[in-house]
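Data file: final.tsv. Format and content: TSV, N, CA and C atoms.
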chain	number	residue	atom	x	y	z
X	1	MET	N	0.85	-1.18	0.00
X	1	MET	CA	0.00	0.00	0.00
X	1	MET	C	0.88	1.23	0.00
X	2	SER	N	0.59	2.15	-0.89
X	2	SER	CA	1.33	3.41	-0.89
X	2	SER	C	0.37	4.53	-0.60
X	3	THR	N	0.86	5.53	0.08
X	3	THR	CA	0.01	6.68	0.36
X	3	THR	C	0.19	7.71	-0.74
X	4	LEU	N	-0.89	8.37	-1.05
X	4	LEU	CA	-0.86	9.37	-2.11
X	4	LEU	C	-0.26	10.67	-1.60
X	5	THR	N	0.54	11.31	-2.43
X	5	THR	CA	1.05	12.62	-2.09
X	5	THR	C	-0.07	13.65	-2.27
X	6	GLU	N	0.15	14.84	-1.79
X	6	GLU	CA	-0.84	15.91	-1.97
X	6	GLU	C	-1.13	16.13	-3.44
X	7	LEU	N	-0.10	16.13	-4.26
X	7	LEU	CA	-0.28	16.34	-5.69
X	7	LEU	C	-1.08	15.21	-6.32
X	8	GLU	N	-0.77	13.97	-5.94
X	8	GLU	CA	-1.52	12.82	-6.48
X	8	GLU	C	-2.99	12.87	-6.05
X	9	ARG	N	-3.23	13.29	-4.80
X	9	ARG	CA	-4.61	13.42	-4.33
X	9	ARG	C	-5.35	14.49	-5.12
X	10	ALA	N	-4.68	15.60	-5.35
X	10	ALA	CA	-5.31	16.68	-6.12
X	10	ALA	C	-5.61	16.23	-7.56
X	11	ARG	N	-4.68	15.51	-8.15
X	11	ARG	CA	-4.90	14.99	-9.52
X	11	ARG	C	-6.06	14.00	-9.56
X	12	LEU	N	-6.13	13.11	-8.56
X	12	LEU	CA	-7.21	12.14	-8.52
X	12	LEU	C	-8.55	12.85	-8.38
X	13	ARG	N	-8.63	13.82	-7.53
X	13	ARG	CA	-9.89	14.56	-7.35
X	13	ARG	C	-10.24	15.34	-8.63
X	14	TRP	N	-9.24	15.86	-9.32
X	14	TRP	CA	-9.50	16.57	-10.57
X	14	TRP	C	-10.06	15.60	-11.63
X	15	ARG	N	-9.46	14.43	-11.74
X	15	ARG	CA	-9.94	13.42	-12.71
X	15	ARG	C	-11.33	12.93	-12.34
X	16	ALA	N	-11.67	12.99	-11.06
X	16	ALA	CA	-12.97	12.51	-10.59
X	16	ALA	C	-14.11	13.46	-10.93
X	17	ARG	N	-13.79	14.68	-11.31
X	17	ARG	CA	-14.85	15.65	-11.63
X	17	ARG	C	-15.66	15.17	-12.82
X	18	ARG	N	-16.97	15.23	-12.68
X	18	ARG	CA	-17.86	14.69	-13.68
X	18	ARG	C	-18.82	15.76	-14.18
X	19	GLY	N	-19.49	15.45	-15.28
X	19	GLY	CA	-20.48	16.36	-15.84
X	19	GLY	C	-21.81	16.31	-15.11
X	20	LEU	N	-22.07	15.22	-14.39
X	20	LEU	CA	-23.31	15.09	-13.63
X	20	LEU	C	-23.02	15.29	-12.15
X	21	LEU	N	-23.77	16.19	-11.53
X	21	LEU	CA	-23.58	16.49	-10.12
X	21	LEU	C	-23.72	15.24	-9.25
X	22	GLU	N	-24.65	14.37	-9.59
X	22	GLU	CA	-24.86	13.16	-8.80
X	22	GLU	C	-23.59	12.32	-8.72
X	23	ASN	N	-22.92	12.16	-9.86
X	23	ASN	CA	-21.66	11.42	-9.87
X	23	ASN	C	-20.62	12.12	-9.00
X	24	ASP	N	-20.52	13.43	-9.13
X	24	ASP	CA	-19.57	14.20	-8.32
X	24	ASP	C	-19.80	13.96	-6.83
X	25	LEU	N	-21.05	14.00	-6.42
X	25	LEU	CA	-21.37	13.84	-5.00
X	25	LEU	C	-21.00	12.46	-4.50
X	26	ILE	N	-21.32	11.44	-5.25
X	26	ILE	CA	-21.02	10.06	-4.83
X	26	ILE	C	-19.51	9.83	-4.78
X	27	ILE	N	-18.81	10.26	-5.82
X	27	ILE	CA	-17.36	10.05	-5.87
X	27	ILE	C	-16.66	10.86	-4.80
X	28	THR	N	-17.09	12.09	-4.58
X	28	THR	CA	-16.47	12.93	-3.55
X	28	THR	C	-16.66	12.32	-2.16
X	29	ARG	N	-17.85	11.79	-1.88
X	29	ARG	CA	-18.06	11.13	-0.58
X	29	ARG	C	-17.12	9.94	-0.43
X	30	TYR	N	-16.96	9.17	-1.50
X	30	TYR	CA	-16.05	8.03	-1.46
X	30	TYR	C	-14.62	8.49	-1.19
X	31	LEU	N	-14.16	9.49	-1.92
X	31	LEU	CA	-12.80	9.98	-1.73
X	31	LEU	C	-12.60	10.57	-0.34
X	32	ASP	N	-13.60	11.29	0.17
X	32	ASP	CA	-13.51	11.83	1.52
X	32	ASP	C	-13.32	10.71	2.55
X	33	ALA	N	-14.00	9.59	2.33
X	33	ALA	CA	-13.96	8.49	3.29
X	33	ALA	C	-12.71	7.61	3.14
X	34	TYR	N	-12.26	7.41	1.90
X	34	TYR	CA	-11.23	6.38	1.66
X	34	TYR	C	-9.93	6.88	1.04
X	35	GLU	N	-9.83	8.13	0.74
X	35	GLU	CA	-8.67	8.65	0.01
X	35	GLU	C	-7.33	8.29	0.66
X	36	THR	N	-7.26	8.37	1.95
X	36	THR	CA	-5.98	8.09	2.63
X	36	THR	C	-5.61	6.62	2.62
X	37	GLN	N	-6.57	5.74	2.28
X	37	GLN	CA	-6.32	4.30	2.28
X	37	GLN	C	-6.09	3.74	0.89
X	38	LEU	N	-6.21	4.56	-0.14
X	38	LEU	CA	-6.13	4.06	-1.51
X	38	LEU	C	-4.73	3.59	-1.87
X	39	THR	N	-4.68	2.46	-2.56
X	39	THR	CA	-3.41	1.94	-3.08
X	39	THR	C	-3.25	2.39	-4.53
X	40	ASP	N	-2.09	2.13	-5.10
X	40	ASP	CA	-1.88	2.44	-6.51
X	40	ASP	C	-2.87	1.66	-7.38
X	41	GLU	N	-3.17	0.43	-6.99
X	41	GLU	CA	-4.13	-0.39	-7.74
X	41	GLU	C	-5.53	0.21	-7.66
X	42	ASP	N	-5.89	0.76	-6.50
X	42	ASP	CA	-7.20	1.41	-6.35
X	42	ASP	C	-7.29	2.63	-7.27
X	43	VAL	N	-6.21	3.39	-7.32
X	43	VAL	CA	-6.19	4.59	-8.18
X	43	VAL	C	-6.35	4.17	-9.65
X	44	GLY	N	-5.67	3.10	-10.03
X	44	GLY	CA	-5.81	2.59	-11.40
X	44	GLY	C	-7.24	2.16	-11.69
X	45	ALA	N	-7.87	1.48	-10.73
X	45	ALA	CA	-9.26	1.04	-10.91
X	45	ALA	C	-10.19	2.24	-10.99
X	46	LEU	N	-9.98	3.22	-10.14
X	46	LEU	CA	-10.80	4.43	-10.18
X	46	LEU	C	-10.66	5.13	-11.53
X	47	THR	N	-9.46	5.16	-12.05
X	47	THR	CA	-9.23	5.79	-13.35
X	47	THR	C	-10.06	5.10	-14.43
X	48	GLN	N	-10.18	3.78	-14.35
X	48	GLN	CA	-11.04	3.06	-15.30
X	48	GLN	C	-12.48	3.52	-15.17
X	49	LEU	N	-12.96	3.68	-13.94
X	49	LEU	CA	-14.33	4.16	-13.74
X	49	LEU	C	-14.52	5.56	-14.31
X	50	PHE	N	-13.50	6.40	-14.10
X	50	PHE	CA	-13.60	7.79	-14.54
X	50	PHE	C	-13.62	7.91	-16.06
X	51	GLU	N	-13.21	6.86	-16.76
X	51	GLU	CA	-13.24	6.88	-18.22
X	51	GLU	C	-14.63	6.55	-18.77
X	52	MET	N	-15.53	6.09	-17.91
X	52	MET	CA	-16.89	5.76	-18.35
X	52	MET	C	-17.66	7.05	-18.65
X	53	GLY	N	-18.66	6.94	-19.49
X	53	GLY	CA	-19.55	8.07	-19.74
X	53	GLY	C	-20.34	8.39	-18.48
X	54	ASP	N	-20.75	9.64	-18.34
X	54	ASP	CA	-21.44	10.06	-17.13
X	54	ASP	C	-22.72	9.27	-16.85
X	55	ASN	N	-23.55	9.06	-17.85
X	55	ASN	CA	-24.81	8.35	-17.63
X	55	ASN	C	-24.57	6.88	-17.28
X	56	ASP	N	-23.60	6.25	-17.93
X	56	ASP	CA	-23.27	4.86	-17.61
X	56	ASP	C	-22.72	4.74	-16.19
X	57	LEU	N	-21.88	5.69	-15.81
X	57	LEU	CA	-21.32	5.67	-14.46
X	57	LEU	C	-22.42	5.87	-13.42
X	58	LEU	N	-23.33	6.79	-13.67
X	58	LEU	CA	-24.42	7.00	-12.73
X	58	LEU	C	-25.28	5.75	-12.60
X	59	ASP	N	-25.61	5.12	-13.72
X	59	ASP	CA	-26.37	3.87	-13.67
X	59	ASP	C	-25.65	2.82	-12.83
X	60	LEU	N	-24.35	2.75	-12.96
X	60	LEU	CA	-23.55	1.79	-12.20
X	60	LEU	C	-23.59	2.13	-10.71
X	61	LEU	N	-23.39	3.40	-10.38
X	61	LEU	CA	-23.34	3.80	-8.98
X	61	LEU	C	-24.70	3.69	-8.29
X	62	LEU	N	-25.77	3.83	-9.06
X	62	LEU	CA	-27.12	3.70	-8.50
X	62	LEU	C	-27.66	2.27	-8.59
X	63	ALA	N	-26.80	1.34	-8.98
X	63	ALA	CA	-27.13	-0.09	-9.07
X	63	ALA	C	-28.21	-0.38	-10.11
X	64	ARG	N	-28.31	0.46	-11.12
X	64	ARG	CA	-29.20	0.17	-12.24
X	64	ARG	C	-28.51	-0.73	-13.24
X	65	LYS	N	-27.18	-0.77	-13.17
X	65	LYS	CA	-26.34	-1.62	-14.00
X	65	LYS	C	-25.27	-2.24	-13.11
X	66	GLU	N	-24.67	-3.29	-13.61
X	66	GLU	CA	-23.55	-3.91	-12.90
X	66	GLU	C	-22.31	-3.82	-13.79
X	67	LEU	N	-21.16	-4.03	-13.17
X	67	LEU	CA	-19.90	-4.02	-13.92
X	67	LEU	C	-19.91	-5.14	-14.93
X	68	GLU	N	-19.35	-4.85	-16.11
X	68	GLU	CA	-19.29	-5.85	-17.18
X	68	GLU	C	-17.92	-5.83	-17.83
X	69	GLY	N	-17.60	-6.94	-18.47
X	69	GLY	CA	-16.39	-7.03	-19.28
X	69	GLY	C	-15.13	-6.76	-18.48
X	70	ALA	N	-14.25	-5.94	-19.05
X	70	ALA	CA	-12.97	-5.64	-18.43
X	70	ALA	C	-13.11	-4.90	-17.10
X	71	LEU	N	-14.24	-4.26	-16.89
X	71	LEU	CA	-14.46	-3.54	-15.63
X	71	LEU	C	-14.91	-4.45	-14.50
X	72	ASP	N	-15.31	-5.66	-14.81
X	72	ASP	CA	-15.81	-6.57	-13.80
X	72	ASP	C	-14.65	-7.29	-13.11
X	73	THR	N	-14.02	-6.57	-12.18
X	73	THR	CA	-12.88	-7.11	-11.43
X	73	THR	C	-13.21	-7.05	-9.93
X	74	PRO	N	-12.56	-7.88	-9.13
X	74	PRO	CA	-12.83	-7.84	-7.68
X	74	PRO	C	-12.57	-6.45	-7.08
X	75	ARG	N	-11.50	-5.80	-7.50
X	75	ARG	CA	-11.18	-4.47	-6.95
X	75	ARG	C	-12.26	-3.46	-7.29
X	76	LEU	N	-12.70	-3.43	-8.55
X	76	LEU	CA	-13.75	-2.48	-8.93
X	76	LEU	C	-15.08	-2.83	-8.27
X	77	ARG	N	-15.38	-4.12	-8.10
X	77	ARG	CA	-16.61	-4.50	-7.40
X	77	ARG	C	-16.59	-3.96	-5.98
X	78	THR	N	-15.44	-4.05	-5.32
X	78	THR	CA	-15.31	-3.54	-3.95
X	78	THR	C	-15.48	-2.03	-3.92
X	79	ILE	N	-14.83	-1.33	-4.82
X	79	ILE	CA	-14.91	0.13	-4.86
X	79	ILE	C	-16.34	0.59	-5.12
X	80	VAL	N	-16.99	-0.01	-6.12
X	80	VAL	CA	-18.36	0.37	-6.45
X	80	VAL	C	-19.30	0.06	-5.28
X	81	ALA	N	-19.10	-1.07	-4.62
X	81	ALA	CA	-19.93	-1.41	-3.46
X	81	ALA	C	-19.79	-0.35	-2.37
X	82	LYS	N	-18.57	0.10	-2.12
X	82	LYS	CA	-18.35	1.13	-1.10
X	82	LYS	C	-19.00	2.45	-1.52
X	83	MET	N	-18.92	2.78	-2.80
X	83	MET	CA	-19.56	4.02	-3.27
X	83	MET	C	-21.07	3.93	-3.10
X	84	ARG	N	-21.64	2.79	-3.37
X	84	ARG	CA	-23.09	2.61	-3.22
X	84	ARG	C	-23.54	2.70	-1.78
X	85	GLU	N	-22.68	2.26	-0.86
X	85	GLU	CA	-23.02	2.30	0.58
X	85	GLU	C	-23.06	3.71	1.13
X	86	LEU	N	-22.25	4.58	0.56
X	86	LEU	CA	-22.18	5.95	1.09
X	86	LEU	C	-23.37	6.69	0.65

For the file at hand, write its structure as structure tokens.
Amino acid sequence: MSTLTELERARLRWRARRGLLENDLIITRYLDAYETQLTDEDVGALTQLFEMGDNDLLDLLLARKELEGALDTPRLRTIVAKMREL
């Protein structure tokens, strides 16, 4: 586990900014709760989520859809589950 530097945290939060406020709120709550515990692998998984379209990501976070294909990994399942709990 590696801890993120201030610059890495700022970059992660910048990449997390979304076009839909709902996504921003869910992701920000997740980062507020878990940011200090994130590993490099978690950051990589989050980056994959951030590459999704806003509507697809919202459907995923609201449990209207589930992870599929390359995104269906244990790490992403854990991250998405935590985001849904918040």

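What separates atom N of X:Glu68 from atom N of X:Lys82 is a distance of 14.9 Å.
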
Problem - atom CA of X:Gly19 to atom N of X:Glu66, distance in Å rounded to a single decimal - result: 20.2 Å

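For the pair atom CA of X:Arg17 and atom C of X:Thr39, the interatomic distance is 19.0 Å.
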
Exercise for the section: Name the residues in contact with X:Arg84 at a cut-off of 7 Å, using only N, CA and C atoms, excluding same-chain residues fewer than 2 positions from it; report them as a list in words. Expected result: Leu61, Leu62, Ala63, Ile79, Val80, Ala81, Lys82 and Leu86 of chain X

Exercise for the section: Using only N, CA and C atoms, collect all residues at a distance of at most 6.5 Å from (-6.8, 9.9, -8.0) as written in the file, then present them as a PyMOL selection string. Expected result: chain X and resi 8-13+15+43

Problem - Counting only N, CA and C atoms, the option among X:Arg75, X:Ala45, X:Met83, X:Leu7 closest to X:Arg29 - result: X:Met83

Complete stretch 41-55 of chain X at the level of N, CA, C and O atoms, written as a short mmCIF file (atom, residue, chain, number, x, y, z; two decimals), in the frame of the given file.
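part-v8.cif was written with the following content:
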data_model
loop_
_atom_site.label_atom_id
_atom_site.label_comp_id
_atom_site.auth_asym_id
_atom_site.auth_seq_id
_atom_site.Cartn_x
_atom_site.Cartn_y
_atom_site.Cartn_z
N GLU X 41 -3.17 0.43 -6.99
CA GLU X 41 -4.13 -0.39 -7.74
C GLU X 41 -5.53 0.21 -7.66
O GLU X 41 -6.28 0.19 -8.64
N ASP X 42 -5.89 0.76 -6.50
CA ASP X 42 -7.20 1.41 -6.35
C ASP X 42 -7.29 2.63 -7.27
O ASP X 42 -8.31 2.85 -7.92
N VAL X 43 -6.21 3.39 -7.32
CA VAL X 43 -6.19 4.59 -8.18
C VAL X 43 -6.35 4.17 -9.65
O VAL X 43 -7.09 4.78 -10.41
N GLY X 44 -5.67 3.10 -10.03
CA GLY X 44 -5.81 2.59 -11.40
C GLY X 44 -7.24 2.16 -11.69
O GLY X 44 -7.78 2.43 -12.76
N ALA X 45 -7.87 1.48 -10.73
CA ALA X 45 -9.26 1.04 -10.91
C ALA X 45 -10.19 2.24 -10.99
O ALA X 45 -11.09 2.28 -11.83
N LEU X 46 -9.98 3.22 -10.14
CA LEU X 46 -10.80 4.43 -10.18
C LEU X 46 -10.66 5.13 -11.53
O LEU X 46 -11.64 5.63 -12.09
N THR X 47 -9.46 5.16 -12.05
CA THR X 47 -9.23 5.79 -13.35
C THR X 47 -10.06 5.10 -14.43
O THR X 47 -10.62 5.77 -15.30
N GLN X 48 -10.18 3.78 -14.35
CA GLN X 48 -11.04 3.06 -15.30
C GLN X 48 -12.48 3.52 -15.17
O GLN X 48 -13.17 3.72 -16.17
N LEU X 49 -12.96 3.68 -13.94
CA LEU X 49 -14.33 4.16 -13.74
C LEU X 49 -14.52 5.56 -14.31
O LEU X 49 -15.53 5.86 -14.92
N PHE X 50 -13.50 6.40 -14.10
CA PHE X 50 -13.60 7.79 -14.54
C PHE X 50 -13.62 7.91 -16.06
O PHE X 50 -14.01 8.94 -16.60
N GLU X 51 -13.21 6.86 -16.76
CA GLU X 51 -13.24 6.88 -18.22
C GLU X 51 -14.63 6.55 -18.77
O GLU X 51 -14.88 6.72 -19.96
N MET X 52 -15.53 6.09 -17.91
CA MET X 52 -16.89 5.76 -18.35
C MET X 52 -17.66 7.05 -18.65
O MET X 52 -17.36 8.12 -18.09
N GLY X 53 -18.66 6.94 -19.49
CA GLY X 53 -19.55 8.07 -19.74
C GLY X 53 -20.34 8.39 -18.48
O GLY X 53 -20.59 7.50 -17.64
N ASP X 54 -20.75 9.64 -18.34
CA ASP X 54 -21.44 10.06 -17.13
C ASP X 54 -22.72 9.27 -16.85
O ASP X 54 -22.96 8.86 -15.72
N ASN X 55 -23.55 9.06 -17.85
CA ASN X 55 -24.81 8.35 -17.63
C ASN X 55 -24.57 6.88 -17.28
O ASN X 55 -25.25 6.33 -16.40
#
